[in-house]
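Novice: One structure, as structure tokens, below. Some questions next.
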Amino acid sequence: MNRRLHRIMIYALLSIAAFVSVFPFLWLILGATNISPDILSGKTTPGHALFDNIVKLTQQVDLVQLFYNSTKIAVIATALTLVVASLAGYAFEIFRSKISDRIFAGLLAMLSIPFAALMIPLFVIMAKLHLINTHTAVIIPTVASIFMIFYFRQATKSFPTELRDAARVDGLNEWQIFLYIYVPVMRSTYAAATIIIFMANWNNYLWPLIVLQTNDTKTITLAVASLLSAYVPDYGVVMVATTLATLPTLFIFFVLQKQFVQGLLGSLK
Amino acid sequence: MMAQAPGKTTLTGWLFKGPALTLLAFFMVYPILSSLWMSLQVGKGMNFSFGGFANMWRLTQDAVFQQALLNTLTLLVVQVPIMITLAMLMAVALNDPSLKGRALFRTAIFLPCVTSLVAYSVLFKSMFAFDGVVNRFLEALHIMDQPIPWLSDAFWAKTLIILAITWRWTGYNTIFFLASLQNIDPSIYEAARIDGIPRWAQFIKITLPALKPVILFTTVTSTIGTLQLFDEVNTITPLGGPSNSTLTLSLYIYQLSFKFMPSFGYAATVSYVIVVLVMILSFIQFVVARERRRP
């Protein structure tokens, strides 16, 4: 009896949590089909305004340009981060020395420095390099991600040393070992890292908000925020824009959820 | 001939680390030092002059800063423990292999962490409107007789921000707890069950000690995250909310640097307040974790 009650409580808890977690997504889709006053008065049935909202959105922003900018920034940043962080993470685990370990400890300490403490000097650097309002300025500071270096270093601990030794016997040099042995063996680690980095860049807000100043360079995330900050925001339009901004990450999550979670499991060990 | 000279291997190692270290030197180490230097400068815009500790003195006179500090700490102290406890509960519930629909529950609970901070802020702002769906729901359940002024009252605005962050990050932290729970050997629970140890005692004696490193990890990362809170407050309650009740330190830094007449030196000083807070709080959390480890 006690055990049965326990069961019921667990199911109740999880059902409430699942409902609370999923409801805002339903709200998002409902909102995209409704007019602004209906959204703000809590209407929970689908409306007929979807087409109107889409038309209004395309009149207010250049969707193609926004998606192009977001995709360009996220793809380039992800590719560069994967290369730079996996090389460094691998090397901090494989080529160890006293200095190397100390530098790594220093990097971990910097992980706790808030971005707010860096953004003003970063802005000044970008202004001096004439990179304000460019995508380069958005991408460059994110590439050497300490979190990702740490992530790859942890994952490298599970990379079998025998593989390295065997490759050496076969006459491969260090770069070849990395490229032809490490990268293929660690592909699930790379898959998980790709998801995490891509999402972080796609969703990035504060730094792009500071650096990108004209409509032709802005990302979809910035566009959503600026539509919302209008004096009287049209929530139907904002909901359509938010749906579009969320779709790519939602898609990645559903298709690659296993890699995402397994990757995290691998890095924790 | 097979083994390479150790010196050459070390050089290769540094070449591997080179790109990351170079980038970090320019975009991490230099900004940290530069910001420290700026915090000693006074002036508006690009006209600086050396001010020594003038900015630090200004902190003690600045009521807005003090409110931002208090707001940030309040959000931290209330939100982080609630979220960590919830994440742990979710993980324990989800870890039960006999649970039906486990994959479905797990997907649902992880789902919020794919949304961008701006996107979910949009959702919360609209759901918590005065006549919005949440107030309607609360009225329908007879929890409240009249709508809650979520966006226009100082107390409720803070509560809304706490609810929003909890929604976004609980599932994310659950992933870490779940991963850690799966590393516990199930035979330990089996032995405890045979010995007739009740479930709550199993949780306290077996589960909690095994989760200690993850509790520390999630608490430290959540603390850092909350101290840096910006996106949500800037989107849900722009300009710091009703009577600055949701003005956080990061939002204040942003306003000082990019909204009003820029005052970079003073903004840098405020940013170092966050650095100091992060260091103190991480240190305390590590010490507490270490002491608890002793039997």
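Simple scheme: letters A, B, ... for chains in structure tokens order, numbers from 1 for residues in each chain, numbers from 1 for ligands in the order shown.
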Find the residues near Ile125 (chain A): any atom within 12 Å, counting only C-alpha atoms, skip ones fewer than 2 places away on the same chain, and give them as a list of chain:residue names.
Specialist: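 Returned residues: A:Leu118, A:Met119, A:Ile120, A:Pro121, A:Leu122, A:Phe123, A:Ala127, A:Lys128, A:Leu129, A:His130, A:Leu131, A:Ile132, A:Ala137, A:Ile140, A:Pro141, A:Val211, B:Phe26, B:Phe27, B:Met28, B:Tyr30, B:Pro31, B:Ser34, B:Ser35.
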Novice: Would you kindly return, as a list of chain:residue names, each protein, DNA or RNA residue with an atom no farther than 12 Å from any atom of Thr71 (chain A), considering only C-alpha atoms and excluding same-chain residues fewer than 6 positions away?
Specialist: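 Near Thr71 (chain A), the qualifying residues are A:Leu63, A:Val64, A:Gln65, A:Ala77, A:Thr78, A:Ala79, A:His135, A:Ile139, A:Phe198, A:Met199, A:Asn201, A:Trp202, A:Asn203, A:Thr217, A:Lys218, A:Thr219, A:Ile220, A:Thr221, A:Ala245, A:Pro248, A:Thr249.
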Novice: Would you put the residues from that selection into a file with N, CA and C atoms, as a CSV table (one decimal), in the first residue's frame?
Specialist:
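Result went into result_2.csv, see below:
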```csv
chain,number,residue,atom,x,y,z
A,63,LEU,N,13.5,38.2,-43.0
A,63,LEU,CA,13.8,36.8,-42.4
A,63,LEU,C,14.9,36.1,-43.0
A,64,VAL,N,15.0,36.2,-44.3
A,64,VAL,CA,16.1,35.4,-45.0
A,64,VAL,C,17.5,35.9,-44.5
A,65,GLN,N,17.6,37.3,-44.4
A,65,GLN,CA,18.8,37.8,-43.9
A,65,GLN,C,19.1,37.4,-42.5
A,77,ALA,N,31.3,29.6,-36.1
A,77,ALA,CA,31.8,29.6,-34.7
A,77,ALA,C,31.9,28.1,-34.2
A,78,THR,N,31.0,27.3,-34.5
A,78,THR,CA,31.0,25.9,-34.1
A,78,THR,C,32.2,25.2,-34.7
A,79,ALA,N,32.4,25.3,-36.0
A,79,ALA,CA,33.5,24.6,-36.7
A,79,ALA,C,34.9,25.1,-36.0
A,135,HIS,N,30.4,40.2,-38.2
A,135,HIS,CA,30.2,38.9,-37.6
A,135,HIS,C,31.5,38.3,-37.0
A,139,ILE,N,32.1,36.2,-33.5
A,139,ILE,CA,32.6,34.9,-33.5
A,139,ILE,C,33.9,34.8,-32.7
A,198,PHE,N,26.8,24.8,-31.0
A,198,PHE,CA,25.9,25.3,-31.9
A,198,PHE,C,24.7,26.1,-31.2
A,199,MET,N,24.1,25.4,-30.2
A,199,MET,CA,23.0,26.0,-29.5
A,199,MET,C,23.4,27.3,-28.8
A,201,ASN,N,25.8,29.3,-29.5
A,201,ASN,CA,26.0,30.4,-30.5
A,201,ASN,C,24.7,30.9,-31.1
A,202,TRP,N,23.8,30.0,-31.4
A,202,TRP,CA,22.5,30.3,-32.0
A,202,TRP,C,21.7,31.2,-31.0
A,203,ASN,N,21.8,30.8,-29.8
A,203,ASN,CA,21.0,31.5,-28.7
A,203,ASN,C,21.7,32.7,-28.1
A,217,THR,N,23.0,43.1,-40.1
A,217,THR,CA,24.0,42.2,-39.5
A,217,THR,C,23.4,41.4,-38.3
A,218,LYS,N,22.1,41.8,-37.9
A,218,LYS,CA,21.6,41.1,-36.7
A,218,LYS,C,21.1,39.7,-36.9
A,219,THR,N,21.0,39.0,-35.7
A,219,THR,CA,20.6,37.6,-35.8
A,219,THR,C,19.2,37.5,-35.4
A,220,ILE,N,18.6,36.3,-35.6
A,220,ILE,CA,17.2,36.1,-35.4
A,220,ILE,C,16.9,36.3,-33.9
A,221,THR,N,17.8,35.9,-33.0
A,221,THR,CA,17.6,36.1,-31.6
A,221,THR,C,17.5,37.6,-31.2
A,245,ALA,N,12.8,31.0,-34.5
A,245,ALA,CA,14.1,31.1,-33.8
A,245,ALA,C,14.4,29.8,-33.0
A,248,PRO,N,15.2,25.4,-35.1
A,248,PRO,CA,16.5,24.7,-35.4
A,248,PRO,C,17.0,24.0,-34.2
A,249,THR,N,17.0,24.6,-33.0
A,249,THR,CA,17.5,24.0,-31.8
A,249,THR,C,16.6,22.8,-31.3
```
Novice: Which parts of region 58-261 of chain B does DSSP call helix (DSSP H, G or I) when run on the backbone here, written out as number ranges by chain?
Specialist: B: 58-61, 63-94, 102-114, 117-127, 133-140, 154-181, 186-194, 199-227, 231-236, 238-240, 242-244, 249-259
Novice: Please provide the set of residues having any atom within 12 Å of Ala117 (chain A), restricted to only C-alpha atoms, with same-chain residues fewer than 3 positions apart removed, written as a PyMOL selection string.
Specialist: (chain A and resi 110+112-114+120-123) or (chain B and resi 27-39+227-228+249-250+253-254+257+264-276+278)
Novice: Could you list, as a ChimeraX atom specification, the residues of chain B having an atom within 7 Å of chain A when counting only C-alpha atoms?
Specialist: /B:2,10,13,16-17,19-20,23-24,27,31-32,34-35,93,105,108-109,111-112,114-116,118-119,123,126,129,131-133,136,167,179,224,228,231,235,250,264,268,271-272,275,278
Novice: Report, in Å to a single decimal, how far apart CA of Leu40 (chain B) and CA of Phe260 (chain B) are.
Specialist: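 CA of Leu40 (chain B) lies 19.9 Å from CA of Phe260 (chain B).
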